[in-house]
Amino acid sequence: MQNAFTAVTPDYRPWGDAIPAALGTKGTALTDAGHPVEVWQPNAGIPAKYRYWCHGHATFSYWLHGFSIFSNADMETVLSDEWVRVDKKPIVGDIIVFRADADGVGYASGAILHTARVESAAHHFGGRTNINVSSKNGTAKLKLASTPAEVLGVYNDCHWFKTEQACCCSTKRIDKQYYRRLDRTVAQGTFVAWATRNMDRLR
(Lines give C-alpha, C1' and ligand atoms only; values in the text may rest on other atoms or scores of the structure.)
Protein backbone atom coordinates (compact mmCIF):
# COMPACT_ATOMS: atom_id res chain seq x y z
CA MET A 1 0.00 0.00 0.00
CA GLN A 2 1.09 3.53 -0.67
CA ASN A 3 1.37 5.97 2.22
CA ALA A 4 -1.44 8.15 0.89
CA PHE A 5 -4.84 8.69 2.48
CA THR A 6 -7.72 10.78 1.15
CA ALA A 7 -10.48 11.53 3.65
CA VAL A 8 -14.08 11.00 2.51
CA THR A 9 -16.35 10.46 5.52
CA PRO A 10 -15.37 11.87 8.94
CA ASP A 11 -16.81 10.53 12.19
CA TYR A 12 -17.32 7.08 10.69
CA ARG A 13 -17.85 4.06 12.98
CA PRO A 14 -16.85 0.85 11.15
CA TRP A 15 -18.66 -1.33 13.71
CA GLY A 16 -21.66 0.98 13.88
CA ASP A 17 -23.36 1.95 17.12
CA ALA A 18 -22.27 -1.31 18.75
CA ILE A 19 -18.79 0.21 19.32
CA PRO A 20 -19.34 3.98 19.60
CA ALA A 21 -15.76 4.52 20.81
CA ALA A 22 -14.39 3.30 17.46
CA LEU A 23 -14.52 6.61 15.63
CA GLY A 24 -12.45 7.66 12.66
CA THR A 25 -12.42 8.69 9.02
CA LYS A 26 -13.42 6.53 6.09
CA GLY A 27 -11.42 7.33 2.98
CA THR A 28 -9.41 5.95 0.10
CA ALA A 29 -5.83 4.84 -0.27
CA LEU A 30 -3.85 3.53 -3.23
CA THR A 31 -2.40 0.07 -3.73
CA ASP A 32 1.17 -0.28 -4.97
CA ALA A 33 -0.34 -0.55 -8.48
CA GLY A 34 -2.23 2.73 -8.01
CA HIS A 35 -5.75 1.36 -7.62
CA PRO A 36 -7.97 3.08 -5.03
CA VAL A 37 -9.46 1.06 -2.18
CA GLU A 38 -11.65 2.04 0.78
CA VAL A 39 -9.86 2.22 4.12
CA TRP A 40 -10.49 3.54 7.62
CA GLN A 41 -8.18 5.67 9.75
CA PRO A 42 -8.91 5.93 13.49
CA ASN A 43 -9.12 9.19 15.38
CA ALA A 44 -6.40 9.91 17.91
CA GLY A 45 -6.99 8.72 21.43
CA ILE A 46 -9.45 5.89 20.89
CA PRO A 47 -8.77 2.55 22.66
CA ALA A 48 -5.97 0.57 21.03
CA LYS A 49 -8.07 -2.49 20.23
CA TYR A 50 -10.50 -0.36 18.20
CA ARG A 51 -7.87 1.36 16.05
CA TYR A 52 -7.58 -1.36 13.41
CA TRP A 53 -8.89 -4.74 12.30
CA CYS A 54 -7.54 -7.90 10.72
CA HIS A 55 -6.61 -6.58 7.26
CA GLY A 56 -4.80 -3.60 8.76
CA HIS A 57 -2.72 -6.01 10.83
CA ALA A 58 -2.16 -8.85 8.35
CA THR A 59 -1.10 -6.59 5.46
CA PHE A 60 0.63 -4.13 7.83
CA SER A 61 -1.34 -1.23 6.33
CA TYR A 62 -2.21 -0.10 9.85
CA TRP A 63 1.27 -0.48 11.31
CA LEU A 64 2.95 1.25 8.36
CA HIS A 65 0.34 3.82 7.29
CA GLY A 66 -2.30 4.06 10.02
CA PHE A 67 -5.31 2.64 8.17
CA SER A 68 -7.18 -0.66 7.72
CA ILE A 69 -8.50 -1.97 4.42
CA PHE A 70 -12.15 -2.92 4.11
CA SER A 71 -13.16 -6.50 3.28
CA ASN A 72 -14.58 -8.02 0.10
CA ALA A 73 -13.72 -6.12 -3.12
CA ASP A 74 -11.18 -3.80 -1.49
CA MET A 75 -9.09 -6.64 -0.06
CA GLU A 76 -9.43 -8.54 -3.36
CA THR A 77 -7.89 -5.52 -5.12
CA VAL A 78 -5.02 -5.40 -2.61
CA LEU A 79 -4.39 -9.13 -3.03
CA SER A 80 -4.44 -8.83 -6.83
CA ASP A 81 -2.03 -5.88 -6.85
CA GLU A 82 0.40 -6.77 -4.08
CA TRP A 83 0.19 -10.48 -3.21
CA VAL A 84 0.40 -13.85 -4.96
CA ARG A 85 -1.30 -17.07 -3.86
CA VAL A 86 1.03 -19.93 -2.94
CA ASP A 87 -0.17 -23.53 -2.87
CA LYS A 88 2.00 -24.89 -0.09
CA LYS A 89 4.86 -24.28 2.32
CA PRO A 90 3.80 -20.93 3.80
CA ILE A 91 6.54 -18.94 5.50
CA VAL A 92 6.60 -16.28 8.20
CA GLY A 93 5.11 -13.07 6.83
CA ASP A 94 2.64 -14.78 4.50
CA ILE A 95 -1.05 -14.28 5.20
CA ILE A 96 -3.97 -16.69 5.31
CA VAL A 97 -7.24 -15.51 3.82
CA PHE A 98 -10.50 -16.78 5.28
CA ARG A 99 -13.38 -16.79 2.80
CA ALA A 100 -17.13 -17.02 3.36
CA ASP A 101 -18.63 -20.50 3.00
CA ALA A 102 -21.94 -19.17 1.72
CA ASP A 103 -23.79 -15.98 0.84
CA GLY A 104 -24.48 -13.74 3.82
CA VAL A 105 -25.67 -10.26 4.64
CA GLY A 106 -23.67 -7.95 2.39
CA TYR A 107 -21.30 -10.57 0.95
CA ALA A 108 -21.24 -13.53 -1.41
CA SER A 109 -19.82 -17.00 -1.02
CA GLY A 110 -16.05 -16.79 -1.31
CA ALA A 111 -15.84 -13.19 -0.10
CA ILE A 112 -12.89 -12.29 2.10
CA LEU A 113 -14.07 -11.99 5.70
CA HIS A 114 -10.80 -12.31 7.62
CA THR A 115 -7.04 -12.39 7.21
CA ALA A 116 -4.32 -13.54 9.60
CA ARG A 117 -0.53 -13.34 9.45
CA VAL A 118 1.74 -16.40 9.59
CA GLU A 119 4.10 -16.11 12.56
CA SER A 120 5.59 -19.62 12.50
CA ALA A 121 5.51 -22.49 10.02
CA ALA A 122 7.01 -25.90 10.78
CA HIS A 123 7.36 -27.92 7.59
CA HIS A 124 7.27 -31.70 7.78
CA PHE A 125 8.51 -33.82 4.90
CA GLY A 126 5.55 -35.52 3.32
CA GLY A 127 3.16 -34.00 5.85
CA ARG A 128 1.22 -30.85 6.55
CA THR A 129 2.79 -27.65 7.80
CA ASN A 130 2.04 -26.68 11.39
CA ILE A 131 1.16 -23.00 11.41
CA ASN A 132 0.68 -20.34 14.06
CA VAL A 133 -0.78 -16.97 13.10
CA SER A 134 -1.31 -13.56 14.63
CA SER A 135 -4.97 -12.65 14.31
CA LYS A 136 -6.97 -9.49 15.07
CA ASN A 137 -10.49 -10.82 15.49
CA GLY A 138 -12.80 -7.86 15.03
CA THR A 139 -12.74 -5.61 18.09
CA ALA A 140 -10.83 -8.12 20.23
CA LYS A 141 -7.18 -7.60 21.16
CA LEU A 142 -4.52 -8.90 18.78
CA LYS A 143 -3.63 -12.54 19.46
CA LEU A 144 -0.05 -13.34 18.56
CA ALA A 145 -0.28 -17.15 18.53
CA SER A 146 -3.34 -18.96 17.23
CA THR A 147 -3.75 -21.92 14.91
CA PRO A 148 -5.90 -21.48 11.79
CA ALA A 149 -8.36 -23.92 13.38
CA GLU A 150 -8.66 -21.64 16.42
CA VAL A 151 -9.35 -18.69 14.12
CA LEU A 152 -12.12 -20.71 12.49
CA GLY A 153 -13.61 -21.10 15.97
CA VAL A 154 -14.32 -17.37 15.79
CA TYR A 155 -15.05 -17.18 12.05
CA ASN A 156 -16.94 -20.47 11.86
CA ASP A 157 -18.70 -19.65 8.58
CA CYS A 158 -15.40 -19.42 6.69
CA HIS A 159 -12.77 -21.65 5.12
CA TRP A 160 -9.13 -21.26 4.10
CA PHE A 161 -8.89 -24.43 2.02
CA LYS A 162 -11.19 -26.91 0.33
CA THR A 163 -10.92 -30.68 0.22
CA GLU A 164 -11.26 -33.33 -2.43
CA GLN A 165 -11.15 -37.11 -2.21
CA ALA A 166 -7.59 -38.37 -2.61
CA CYS A 167 -8.46 -42.05 -2.40
CA CYS A 168 -11.05 -44.26 -0.74
CA CYS A 169 -10.01 -43.37 2.79
CA SER A 170 -8.38 -39.93 2.70
CA THR A 171 -8.83 -36.42 1.42
CA LYS A 172 -6.36 -33.79 0.29
CA ARG A 173 -6.45 -30.04 0.75
CA ILE A 174 -6.88 -27.90 -2.34
CA ASP A 175 -7.39 -24.19 -3.09
CA LYS A 176 -5.35 -23.22 -0.03
CA GLN A 177 -5.53 -19.51 0.68
CA TYR A 178 -1.91 -18.66 1.48
CA TYR A 179 -0.69 -15.36 0.02
CA ARG A 180 2.82 -13.92 -0.18
CA ARG A 181 3.89 -10.33 -0.85
CA LEU A 182 5.04 -9.91 -4.44
CA ASP A 183 8.14 -7.92 -3.50
CA ARG A 184 8.80 -9.68 -0.16
CA THR A 185 9.90 -6.33 1.35
CA VAL A 186 7.14 -5.47 3.83
CA ALA A 187 7.49 -6.51 7.44
CA GLN A 188 9.62 -9.59 7.01
CA GLY A 189 10.06 -11.79 10.08
CA THR A 190 7.66 -12.18 12.97
CA PHE A 191 5.40 -9.37 14.05
CA VAL A 192 7.05 -9.25 17.49
CA ALA A 193 10.50 -8.87 15.92
CA TRP A 194 9.24 -6.15 13.58
CA ALA A 195 7.47 -4.32 16.41
CA THR A 196 10.62 -4.46 18.54
CA ARG A 197 12.62 -2.84 15.73
CA ASN A 198 9.93 -0.26 15.01
CA MET A 199 8.70 0.91 18.38
CA ASP A 200 8.60 4.51 17.14
CA ARG A 201 5.86 3.56 14.64
CA LEU A 202 3.72 2.04 17.40
CA ARG A 203 3.61 5.01 19.78
# chains A, B, ... in the order shown; residues from 1 in each chain; ligands from 1

call {"tool": "residues_around", "arguments": {"residues": "A:Arg184", "least_positions_apart": "4", "cutoff": "10 Å", "atoms": "only C-alpha atoms", "output": "PDB file with all heavy atoms, in the first residue's frame"}}
result
ATOM      1  N   GLU A  82      -0.792  -6.738  -4.927  1.00  0.00           N
ATOM      2  CA  GLU A  82       0.397  -6.774  -4.083  1.00  0.00           C
ATOM      3  C   GLU A  82       0.787  -8.163  -3.572  1.00  0.00           C
ATOM      4  O   GLU A  82       1.869  -8.310  -3.003  1.00  0.00           O
ATOM      5  CB  GLU A  82       0.182  -5.850  -2.878  1.00  0.00           C
ATOM      6  CG  GLU A  82      -0.095  -4.406  -3.277  1.00  0.00           C
ATOM      7  CD  GLU A  82      -0.315  -3.499  -2.082  1.00  0.00           C
ATOM      8  OE1 GLU A  82      -0.163  -3.948  -0.934  1.00  0.00           O
ATOM      9  OE2 GLU A  82      -0.647  -2.314  -2.309  1.00  0.00           O
ATOM     10  N   TRP A  83      -0.053  -9.158  -3.768  1.00  0.00           N
ATOM     11  CA  TRP A  83       0.190 -10.481  -3.207  1.00  0.00           C
ATOM     12  C   TRP A  83       0.002 -11.543  -4.279  1.00  0.00           C
ATOM     13  O   TRP A  83      -0.677 -11.326  -5.270  1.00  0.00           O
ATOM     14  CB  TRP A  83      -0.760 -10.752  -2.033  1.00  0.00           C
ATOM     15  CG  TRP A  83      -0.631  -9.775  -0.907  1.00  0.00           C
ATOM     16  CD1 TRP A  83      -1.092  -8.486  -0.873  1.00  0.00           C
ATOM     17  CD2 TRP A  83       0.022  -9.987   0.340  1.00  0.00           C
ATOM     18  NE1 TRP A  83      -0.777  -7.890   0.323  1.00  0.00           N
ATOM     19  CE2 TRP A  83      -0.090  -8.788   1.096  1.00  0.00           C
ATOM     20  CE3 TRP A  83       0.679 -11.068   0.915  1.00  0.00           C
ATOM     21  CZ2 TRP A  83       0.439  -8.653   2.365  1.00  0.00           C
ATOM     22  CZ3 TRP A  83       1.205 -10.942   2.189  1.00  0.00           C
ATOM     23  CH2 TRP A  83       1.085  -9.744   2.907  1.00  0.00           C
ATOM     24  N   GLY A  93       5.385 -14.273   7.592  1.00  0.00           N
ATOM     25  CA  GLY A  93       5.112 -13.066   6.830  1.00  0.00           C
ATOM     26  C   GLY A  93       4.055 -13.260   5.760  1.00  0.00           C
ATOM     27  O   GLY A  93       3.503 -12.285   5.253  1.00  0.00           O
ATOM     28  N   ASP A  94       3.779 -14.520   5.392  1.00  0.00           N
ATOM     29  CA  ASP A  94       2.645 -14.784   4.505  1.00  0.00           C
ATOM     30  C   ASP A  94       1.352 -14.510   5.260  1.00  0.00           C
ATOM     31  O   ASP A  94       1.349 -14.381   6.493  1.00  0.00           O
ATOM     32  CB  ASP A  94       2.648 -16.245   4.045  1.00  0.00           C
ATOM     33  CG  ASP A  94       3.783 -16.575   3.086  1.00  0.00           C
ATOM     34  OD1 ASP A  94       4.480 -15.635   2.648  1.00  0.00           O
ATOM     35  OD2 ASP A  94       3.975 -17.766   2.787  1.00  0.00           O
ATOM     36  N   ARG A 180       1.478 -14.442  -0.466  1.00  0.00           N
ATOM     37  CA  ARG A 180       2.821 -13.917  -0.176  1.00  0.00           C
ATOM     38  C   ARG A 180       2.999 -12.593  -0.902  1.00  0.00           C
ATOM     39  O   ARG A 180       2.589 -12.439  -2.051  1.00  0.00           O
ATOM     40  CB  ARG A 180       3.873 -14.929  -0.649  1.00  0.00           C
ATOM     41  CG  ARG A 180       5.307 -14.553  -0.336  1.00  0.00           C
ATOM     42  CD  ARG A 180       6.209 -15.757  -0.566  1.00  0.00           C
ATOM     43  NE  ARG A 180       5.834 -16.837   0.338  1.00  0.00           N
ATOM     44  CZ  ARG A 180       6.121 -18.126   0.128  1.00  0.00           C
ATOM     45  NH1 ARG A 180       6.766 -18.493  -0.960  1.00  0.00           N
ATOM     46  NH2 ARG A 180       5.740 -19.034   1.015  1.00  0.00           N
ATOM     47  N   GLN A 188       9.120  -8.230   6.969  1.00  0.00           N
ATOM     48  CA  GLN A 188       9.624  -9.595   7.015  1.00  0.00           C
ATOM     49  C   GLN A 188       9.928 -10.000   8.453  1.00  0.00           C
ATOM     50  O   GLN A 188      10.229  -9.172   9.297  1.00  0.00           O
ATOM     51  CB  GLN A 188      10.883  -9.721   6.151  1.00  0.00           C
ATOM     52  CG  GLN A 188      10.606  -9.536   4.665  1.00  0.00           C
ATOM     53  CD  GLN A 188       9.620 -10.557   4.132  1.00  0.00           C
ATOM     54  OE1 GLN A 188       9.922 -11.734   4.083  1.00  0.00           O
ATOM     55  NE2 GLN A 188       8.446 -10.103   3.733  1.00  0.00           N
TER      56      GLN A 188
END

call {"tool": "residues_around", "arguments": {"residues": "stretch 65-74 of chain A", "least_positions_apart": "3", "cutoff": "10 Å", "atoms": "only C-alpha atoms", "output": "PyMOL selection string"}}
result
chain A and resi 1-5+14+24-29+31+35-42+51-62+77-80+99-100+106-108+110-115+201-202

call {"tool": "select_by_dssp", "arguments": {"residues": "stretch 12-165 of chain A", "states": "strand (DSSP E or B)", "output": "PyMOL selection string"}}
result
chain A and resi 12+24-30+36-42+68-69+83-86+95-100+104+107+112-122+130-135+143-146+158-159+162-165

call {"tool": "atom_distance", "arguments": {"atom1": "atom CA of A:Ile91", "atom2": "atom CA of A:Thr139"}}
result
26.6 Å

call {"tool": "closest_residue", "arguments": {"among": "A:Ala121, A:Leu142, A:Val105, A:Ile96", "to": "A:Ala48", "atoms": "only C-alpha atoms"}}
result
A:Leu142

call {"tool": "atom_distance", "arguments": {"atom1": "atom CA of A:Met75", "atom2": "atom CA of A:Leu30"}}
result
11.9 Å

call {"tool": "closest_residue", "arguments": {"among": "A:Phe191, A:Ala33, A:Val133, A:Arg85", "to": "A:Ala149", "atoms": "only C-alpha atoms"}}
result
A:Val133

call {"tool": "residues_around", "arguments": {"residues": "A:Ala122", "least_positions_apart": "6", "cutoff": "9 Å", "atoms": "only C-alpha atoms", "output": "CSV table (one decimal) with all heavy atoms, in the first residue's frame"}}
result
chain,number,residue,atom,x,y,z
A,89,LYS,N,3.7,-24.8,1.6
A,89,LYS,CA,4.9,-24.3,2.3
A,89,LYS,C,4.8,-22.8,2.6
A,89,LYS,O,5.7,-22.0,2.2
A,89,LYS,CB,6.1,-24.6,1.5
A,89,LYS,CG,6.3,-26.1,1.1
A,89,LYS,CD,6.4,-26.9,2.4
A,89,LYS,CE,6.7,-28.4,2.0
A,89,LYS,NZ,6.6,-29.3,3.1
A,91,ILE,N,5.4,-19.4,4.7
A,91,ILE,CA,6.5,-18.9,5.5
A,91,ILE,C,6.1,-17.8,6.4
A,91,ILE,O,5.0,-17.2,6.1
A,91,ILE,CB,7.7,-18.5,4.6
A,91,ILE,CG1,7.4,-17.4,3.7
A,91,ILE,CG2,8.3,-19.8,3.9
A,91,ILE,CD1,8.5,-16.9,2.9
A,128,ARG,N,1.7,-32.2,6.5
A,128,ARG,CA,1.2,-30.8,6.5
A,128,ARG,C,2.1,-29.9,7.4
A,128,ARG,O,2.8,-30.4,8.3
A,128,ARG,CB,-0.2,-30.8,7.1
A,128,ARG,CG,-1.2,-31.5,6.1
A,128,ARG,CD,-2.6,-31.5,6.6
A,128,ARG,NE,-3.5,-32.1,5.6
A,128,ARG,CZ,-4.6,-32.7,5.8
A,128,ARG,NH1,-5.1,-32.7,7.1
A,128,ARG,NH2,-5.4,-33.2,4.9
A,129,THR,N,2.0,-28.7,7.1
A,129,THR,CA,2.8,-27.6,7.8
A,129,THR,C,2.0,-27.2,9.0
A,129,THR,O,0.8,-26.9,8.9
A,129,THR,CB,3.1,-26.4,6.9
A,129,THR,OG1,3.7,-26.9,5.7
A,129,THR,CG2,3.9,-25.4,7.6
A,130,ASN,N,2.7,-27.2,10.2
A,130,ASN,CA,2.0,-26.7,11.4
A,130,ASN,C,2.2,-25.2,11.4
A,130,ASN,O,3.4,-24.7,11.4
A,130,ASN,CB,2.6,-27.3,12.6
A,130,ASN,CG,2.3,-28.8,12.8
A,130,ASN,OD1,1.3,-29.2,12.2
A,130,ASN,ND2,3.1,-29.5,13.4
A,131,ILE,N,1.1,-24.4,11.5
A,131,ILE,CA,1.2,-23.0,11.4
A,131,ILE,C,0.6,-22.3,12.7
A,131,ILE,O,-0.4,-22.8,13.2
A,131,ILE,CB,0.3,-22.5,10.2
A,131,ILE,CG1,0.8,-23.1,8.9
A,131,ILE,CG2,0.3,-21.0,10.1
A,131,ILE,CD1,-0.1,-23.0,7.8

call {"tool": "residues_around", "arguments": {"residues": "A:Val154", "least_positions_apart": "5", "cutoff": "12 Å", "atoms": "only C-alpha atoms", "output": "short mmCIF file (atom, residue, chain, number, x, y, z; two decimals) with N, CA, C and O atoms, in the first residue's frame"}}
result
data_model
loop_
_atom_site.label_atom_id
_atom_site.label_comp_id
_atom_site.auth_asym_id
_atom_site.auth_seq_id
_atom_site.Cartn_x
_atom_site.Cartn_y
_atom_site.Cartn_z
N PHE A 98 -9.33 -15.99 4.91
CA PHE A 98 -10.50 -16.78 5.28
C PHE A 98 -11.69 -16.26 4.48
O PHE A 98 -12.05 -15.08 4.56
N LEU A 113 -13.52 -12.47 4.44
CA LEU A 113 -14.07 -11.99 5.70
C LEU A 113 -13.01 -11.80 6.77
O LEU A 113 -13.24 -11.09 7.74
N HIS A 114 -11.84 -12.43 6.60
CA HIS A 114 -10.80 -12.31 7.62
C HIS A 114 -9.46 -12.64 7.01
O HIS A 114 -9.36 -13.42 6.05
N SER A 135 -3.62 -12.88 14.83
CA SER A 135 -4.97 -12.65 14.31
C SER A 135 -5.66 -11.57 15.12
O SER A 135 -5.72 -11.65 16.35
N LYS A 136 -6.18 -10.56 14.44
CA LYS A 136 -6.97 -9.49 15.07
C LYS A 136 -8.43 -9.78 14.76
O LYS A 136 -8.92 -9.51 13.67
N ASN A 137 -9.13 -10.37 15.71
CA ASN A 137 -10.49 -10.82 15.49
C ASN A 137 -11.48 -9.71 15.84
O ASN A 137 -11.89 -9.55 16.98
N GLY A 138 -11.84 -8.93 14.83
CA GLY A 138 -12.80 -7.86 15.03
C GLY A 138 -12.30 -6.84 16.03
O GLY A 138 -11.21 -6.28 15.90
N ALA A 140 -11.62 -7.49 19.17
CA ALA A 140 -10.83 -8.12 20.23
C ALA A 140 -9.37 -7.68 20.12
O ALA A 140 -8.93 -7.16 19.09
N SER A 146 -2.15 -18.14 17.39
CA SER A 146 -3.34 -18.96 17.23
C SER A 146 -3.11 -19.91 16.06
O SER A 146 -2.35 -19.61 15.15
N THR A 147 -3.77 -21.05 16.08
CA THR A 147 -3.75 -21.92 14.91
C THR A 147 -4.87 -21.46 13.97
O THR A 147 -5.83 -20.83 14.41
N PRO A 148 -4.77 -21.79 12.69
CA PRO A 148 -5.90 -21.48 11.79
C PRO A 148 -7.21 -22.10 12.27
O PRO A 148 -8.27 -21.49 12.11
N ALA A 149 -7.14 -23.29 12.87
CA ALA A 149 -8.36 -23.92 13.38
C ALA A 149 -8.98 -23.10 14.50
O ALA A 149 -10.21 -22.99 14.61
N HIS A 159 -13.74 -20.60 5.40
CA HIS A 159 -12.77 -21.65 5.12
C HIS A 159 -11.49 -21.00 4.59
O HIS A 159 -11.51 -19.89 4.09
#

call {"tool": "decode", "arguments": {"residues": "stretch 51-69 of chain A", "atoms": "N, CA, C and O atoms", "output": "PDB file, in the first residue's frame"}}
result
ATOM      1  N   ARG A  51      -8.540   0.518  17.042  1.00  0.00           N
ATOM      2  CA  ARG A  51      -7.870   1.362  16.055  1.00  0.00           C
ATOM      3  C   ARG A  51      -7.658   0.680  14.698  1.00  0.00           C
ATOM      4  O   ARG A  51      -7.319   1.343  13.720  1.00  0.00           O
ATOM      5  N   TYR A  52      -7.842  -0.629  14.650  1.00  0.00           N
ATOM      6  CA  TYR A  52      -7.581  -1.364  13.408  1.00  0.00           C
ATOM      7  C   TYR A  52      -8.300  -2.703  13.465  1.00  0.00           C
ATOM      8  O   TYR A  52      -8.807  -3.110  14.509  1.00  0.00           O
ATOM      9  N   TRP A  53      -8.344  -3.383  12.322  1.00  0.00           N
ATOM     10  CA  TRP A  53      -8.893  -4.743  12.298  1.00  0.00           C
ATOM     11  C   TRP A  53      -7.956  -5.643  11.511  1.00  0.00           C
ATOM     12  O   TRP A  53      -6.835  -5.256  11.180  1.00  0.00           O
ATOM     13  N   CYS A  54      -8.413  -6.840  11.215  1.00  0.00           N
ATOM     14  CA  CYS A  54      -7.538  -7.904  10.720  1.00  0.00           C
ATOM     15  C   CYS A  54      -6.720  -7.518   9.498  1.00  0.00           C
ATOM     16  O   CYS A  54      -5.515  -7.778   9.441  1.00  0.00           O
ATOM     17  N   HIS A  55      -7.346  -6.883   8.493  1.00  0.00           N
ATOM     18  CA  HIS A  55      -6.608  -6.578   7.262  1.00  0.00           C
ATOM     19  C   HIS A  55      -5.547  -5.508   7.490  1.00  0.00           C
ATOM     20  O   HIS A  55      -4.498  -5.531   6.838  1.00  0.00           O
ATOM     21  N   GLY A  56      -5.803  -4.595   8.418  1.00  0.00           N
ATOM     22  CA  GLY A  56      -4.798  -3.602   8.762  1.00  0.00           C
ATOM     23  C   GLY A  56      -3.592  -4.238   9.410  1.00  0.00           C
ATOM     24  O   GLY A  56      -2.450  -3.796   9.211  1.00  0.00           O
ATOM     25  N   HIS A  57      -3.840  -5.293  10.199  1.00  0.00           N
ATOM     26  CA  HIS A  57      -2.724  -6.007  10.829  1.00  0.00           C
ATOM     27  C   HIS A  57      -2.023  -6.926   9.843  1.00  0.00           C
ATOM     28  O   HIS A  57      -0.807  -6.854   9.663  1.00  0.00           O
ATOM     29  N   ALA A  58      -2.774  -7.815   9.185  1.00  0.00           N
ATOM     30  CA  ALA A  58      -2.162  -8.849   8.348  1.00  0.00           C
ATOM     31  C   ALA A  58      -1.336  -8.262   7.214  1.00  0.00           C
ATOM     32  O   ALA A  58      -0.235  -8.736   6.919  1.00  0.00           O
ATOM     33  N   THR A  59      -1.837  -7.212   6.564  1.00  0.00           N
ATOM     34  CA  THR A  59      -1.096  -6.586   5.457  1.00  0.00           C
ATOM     35  C   THR A  59      -0.114  -5.526   5.936  1.00  0.00           C
ATOM     36  O   THR A  59       0.666  -5.000   5.143  1.00  0.00           O
ATOM     37  N   PHE A  60      -0.184  -5.178   7.213  1.00  0.00           N
ATOM     38  CA  PHE A  60       0.631  -4.127   7.826  1.00  0.00           C
ATOM     39  C   PHE A  60       0.218  -2.718   7.398  1.00  0.00           C
ATOM     40  O   PHE A  60       0.930  -1.764   7.685  1.00  0.00           O
ATOM     41  N   SER A  61      -0.931  -2.584   6.730  1.00  0.00           N
ATOM     42  CA  SER A  61      -1.336  -1.230   6.329  1.00  0.00           C
ATOM     43  C   SER A  61      -1.568  -0.335   7.546  1.00  0.00           C
ATOM     44  O   SER A  61      -1.305   0.870   7.490  1.00  0.00           O
ATOM     45  N   TYR A  62      -2.040  -0.921   8.649  1.00  0.00           N
ATOM     46  CA  TYR A  62      -2.213  -0.100   9.851  1.00  0.00           C
ATOM     47  C   TYR A  62      -0.864   0.251  10.467  1.00  0.00           C
ATOM     48  O   TYR A  62      -0.604   1.415  10.804  1.00  0.00           O
ATOM     49  N   TRP A  63      -0.002  -0.723  10.623  1.00  0.00           N
ATOM     50  CA  TRP A  63       1.274  -0.477  11.311  1.00  0.00           C
ATOM     51  C   TRP A  63       2.170   0.461  10.514  1.00  0.00           C
ATOM     52  O   TRP A  63       2.924   1.248  11.088  1.00  0.00           O
ATOM     53  N   LEU A  64       2.089   0.405   9.189  1.00  0.00           N
ATOM     54  CA  LEU A  64       2.947   1.247   8.362  1.00  0.00           C
ATOM     55  C   LEU A  64       2.317   2.589   8.010  1.00  0.00           C
ATOM     56  O   LEU A  64       3.011   3.599   7.895  1.00  0.00           O
ATOM     57  N   HIS A  65       0.988   2.619   7.816  1.00  0.00           N
ATOM     58  CA  HIS A  65       0.344   3.824   7.289  1.00  0.00           C
ATOM     59  C   HIS A  65      -0.833   4.324   8.117  1.00  0.00           C
ATOM     60  O   HIS A  65      -1.390   5.378   7.800  1.00  0.00           O
ATOM     61  N   GLY A  66      -1.264   3.568   9.128  1.00  0.00           N
ATOM     62  CA  GLY A  66      -2.302   4.060  10.018  1.00  0.00           C
ATOM     63  C   GLY A  66      -3.728   3.793   9.583  1.00  0.00           C
ATOM     64  O   GLY A  66      -4.654   4.349  10.167  1.00  0.00           O
ATOM     65  N   PHE A  67      -3.939   2.932   8.578  1.00  0.00           N
ATOM     66  CA  PHE A  67      -5.311   2.642   8.168  1.00  0.00           C
ATOM     67  C   PHE A  67      -5.513   1.148   7.933  1.00  0.00           C
ATOM     68  O   PHE A  67      -4.567   0.401   7.693  1.00  0.00           O
ATOM     69  N   SER A  68      -6.786   0.725   8.001  1.00  0.00           N
ATOM     70  CA  SER A  68      -7.180  -0.657   7.722  1.00  0.00           C
ATOM     71  C   SER A  68      -8.006  -0.711   6.449  1.00  0.00           C
ATOM     72  O   SER A  68      -8.833   0.168   6.186  1.00  0.00           O
ATOM     73  N   ILE A  69      -7.804  -1.772   5.684  1.00  0.00           N
ATOM     74  CA  ILE A  69      -8.499  -1.968   4.416  1.00  0.00           C
ATOM     75  C   ILE A  69      -9.832  -2.661   4.685  1.00  0.00           C
ATOM     76  O   ILE A  69      -9.918  -3.569   5.520  1.00  0.00           O
TER      77      ILE A  69
END
